[in-house]
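Working notes, structure below.
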Amino acid sequence: MSEPFVAVTLADVARSAGVSKMTVSNVINNKPGMSDATRERVQRAINATGYVVNPAARALSGRRSNLIGVLTPHINLPFATEILHGASVTAEAAGLNLAIFTTANNVTLERERATLLRTLADGVLLVIPSADEHHIFGNAIPVVTLGAHGHRTVQVDNHTGGALATQHLIDLGHTRIGHIAGMRDVLRDAVDRQAGYHAALLAAGLPAPEAYVQDGEFSEELGERAARTLLTLPEPPTAIFAANDRSAIGAVRAATALGLNVPRNVSIVGFDDIHAASVMDPPLTTIRQPLEEMGTTAAQLLIDLIRGGTDRDAYLFPRHPDRPWLHCSSWSDAEREQLILTALSATILTHGLKT
């Protein structure tokens, strides 16, 4: 039978080094007044015993745990994955670690995770949060959100993105344009993208029949079902703007199953520019979000807050034409010429302290 696991304590390190627990604590926390010889002796004892600082105990004692908590519905979402990569690199460069918790959009899990993170973490990143998630933390801990509206948020201008996607389809000559909507009951992003779609149609004097908007819930499966519904209407749309790339990929699958060629018979535009969009055949035309940059910006904003920096909002807006906002597919030369769009890009705009 294997020996039961016994955690190494501060006392074990002190005994091994032949010093007091206070001395070990002072060395671990890099307190002044310790000689190099003492620091080296304690470090050798830490290495020999395998002692690891307990972040929870550190947090409970009122010190920083050097831990950033991340709350997200699902870890396998391409949107979240790219954001988390940017956040992880930034946190690591600052000497901090990420602890990622998933909630599956379950309110009970959200509250359980929040209770744990309030105790364990120095700050929290909310990635694609539900409407109430930010409020469950109160003012107990610094919180920065991605993909939501409010204070301390990092996001793109989803209304403009939705309008640009729709305007691109209008510029291609389409007059019947459908929309596969996202999770409008949960995420403001989905509402804003649909509002941009409607605004572009209104400005162009084009109709927006109620049947031309179908729910895709940001998923491939429901996006495919929504596209099938759109494309089998008595007077189907000739183009579709999908609220994200996953539902757009489902839409392409539905069109193909119905014997339609994309883009020859039906044009489809997504939103996000996830990696899968570029490896499709043909590659998906999509609205680009700088996802990794958003993660980097959010993490840096949170780190600044944790370390006593200025409290501010950070948004990612489309502003400059030197970095494309619309990522076009590699179609034929004639089709590519049609895809030329006055490009806008996402750049960081920082606002001052809010009162």
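Residues in the structure tokens are numbered from 1 in each chain, the chains being A, B, ... in the order shown, and ligands are numbered from 1 in the order shown.
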Discussion item. Residues within 8 Å of Thr297 (chain A), please, as a list in words. Count only C-alpha atoms; anything in the same chain fewer than 4 positions from it doesn't count.
Written reply: Ala87, Val154, Glu293, Leu301 and Ala314 of chain A
Next, dump the selected residues to file, keeping only all heavy atoms, as a compact mmCIF listing (two decimals), in the first residue's frame.
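Contents of result_15.txt, freshly written:
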```txt
# COMPACT_ATOMS: atom_id res chain seq x y z
N ALA A 87 -4.22 36.34 -22.33
CA ALA A 87 -4.22 36.62 -20.89
C ALA A 87 -3.13 35.84 -20.18
O ALA A 87 -2.45 36.35 -19.28
CB ALA A 87 -5.59 36.29 -20.30
N VAL A 154 -13.51 44.99 -21.69
CA VAL A 154 -12.73 44.99 -22.93
C VAL A 154 -13.59 44.33 -23.99
O VAL A 154 -14.04 43.19 -23.81
CB VAL A 154 -11.40 44.22 -22.77
CG1 VAL A 154 -10.67 44.12 -24.09
CG2 VAL A 154 -10.51 44.92 -21.74
N GLU A 293 -5.33 39.88 -28.47
CA GLU A 293 -5.05 41.23 -27.97
C GLU A 293 -6.05 41.63 -26.90
O GLU A 293 -5.71 42.31 -25.92
CB GLU A 293 -5.08 42.22 -29.12
CG GLU A 293 -4.67 43.64 -28.72
CD GLU A 293 -4.69 44.60 -29.89
OE1 GLU A 293 -4.85 44.15 -31.04
OE2 GLU A 293 -4.54 45.80 -29.64
N LEU A 301 -5.00 45.19 -17.69
CA LEU A 301 -5.88 46.08 -16.94
C LEU A 301 -6.10 45.53 -15.53
O LEU A 301 -6.04 46.27 -14.54
CB LEU A 301 -7.21 46.22 -17.67
CG LEU A 301 -8.33 47.00 -16.96
CD1 LEU A 301 -7.88 48.42 -16.66
CD2 LEU A 301 -9.58 47.01 -17.81
N ALA A 314 -11.33 49.87 -20.59
CA ALA A 314 -10.57 49.69 -21.83
C ALA A 314 -11.48 49.02 -22.84
O ALA A 314 -12.04 47.98 -22.57
CB ALA A 314 -9.33 48.83 -21.59
```
Fill in: Contacts of Ile249 (chain A) at 12 Å (only C-alpha atoms; same-chain gap of 6+ positions) as a ChimeraX atom specification
/A:180,216,218-227,240-243,255-256,262,268-286
Practice prompt. Report as a PyMOL selection string: the residues of region 13-222 of chain A with a DSSP assignment of strand (DSSP E), based on the backbone of this structure.
Written response: chain A and resi 67-72+97-102+123-127+143-146+153-154+177-181+213-215
Output of the above residues as a tab-separated table (two decimals), in the first residue's frame, restricted to C-alpha atoms:
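The resulting out-v7.tsv:
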```
chain	number	residue	atom	x	y	z
A	67	LEU	CA	-3.30	34.11	-8.78
A	68	ILE	CA	-5.76	35.45	-11.35
A	69	GLY	CA	-9.06	33.60	-11.52
A	70	VAL	CA	-10.81	33.14	-14.86
A	71	LEU	CA	-14.51	32.40	-15.10
A	72	THR	CA	-15.84	31.26	-18.48
A	97	ASN	CA	-0.73	32.38	-12.61
A	98	LEU	CA	-4.17	31.74	-14.09
A	99	ALA	CA	-6.74	29.44	-12.50
A	100	ILE	CA	-9.55	28.72	-14.97
A	101	PHE	CA	-13.05	27.75	-13.83
A	102	THR	CA	-15.96	26.84	-16.12
A	123	GLY	CA	-8.48	39.39	-9.24
A	124	VAL	CA	-10.88	37.83	-11.74
A	125	LEU	CA	-11.30	37.84	-15.52
A	126	LEU	CA	-14.86	37.16	-16.66
A	127	VAL	CA	-14.78	35.79	-20.21
A	143	VAL	CA	-12.93	42.18	-11.83
A	144	VAL	CA	-12.46	42.82	-15.56
A	145	THR	CA	-14.95	41.48	-18.12
A	146	LEU	CA	-14.59	40.52	-21.77
A	153	THR	CA	-14.69	45.93	-19.82
A	154	VAL	CA	-12.73	44.99	-22.93
A	177	ILE	CA	-29.97	39.01	-46.37
A	178	GLY	CA	-30.67	36.71	-43.45
A	179	HIS	CA	-29.16	36.71	-39.97
A	180	ILE	CA	-28.29	33.83	-37.66
A	181	ALA	CA	-28.49	35.42	-34.21
A	213	VAL	CA	-33.66	36.17	-38.37
A	214	GLN	CA	-33.16	32.72	-36.86
A	215	ASP	CA	-31.51	31.72	-33.57
```
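Straight-line separation from CA of Asn47 (chain A) to CA of Ser35 (chain A): 18.5 Å.
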Worksheet item: So how many Å separate CA of Phe79 (chain A) and CA of His159 (chain A), to one decimal?
Response: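 About the pair CA of Phe79 (chain A) and CA of His159 (chain A): they are 18.0 Å apart.
The interatomic distance for the pair CA of Thr9 (chain A) and CA of Tyr51 (chain A) works out to 6.8 Å.
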Discussion item. Write out as a PyMOL selection string the set of residues from region 38-247 of chain A that DSSP, computed on the backbone, places in alpha helix (DSSP H).
Written reply: chain A and resi 38-49+55-60+78-93+107-120+158-171+188-204+220-231+245-247
Practice prompt. Choose the residue, out of A:Ala239, A:Ile28, A:Leu231, A:Ala208, that has the smallest atom-to-atom separation from Ala257 (chain A); count only C-alpha atoms.
Written response: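 Of A:Ala239, A:Ile28, A:Leu231, A:Ala208, the one nearest Ala257 (chain A) is A:Leu231, counting only C-alpha atoms.
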Fill in: 12 Å contact set for Gly162 (chain A), only C-alpha atoms, chain neighbours under 2 positions out, as number ranges by chain
A: 156-160, 164-169, 179-182, 189-201, 240-244, 269-272, 286-289, 318, 325-326
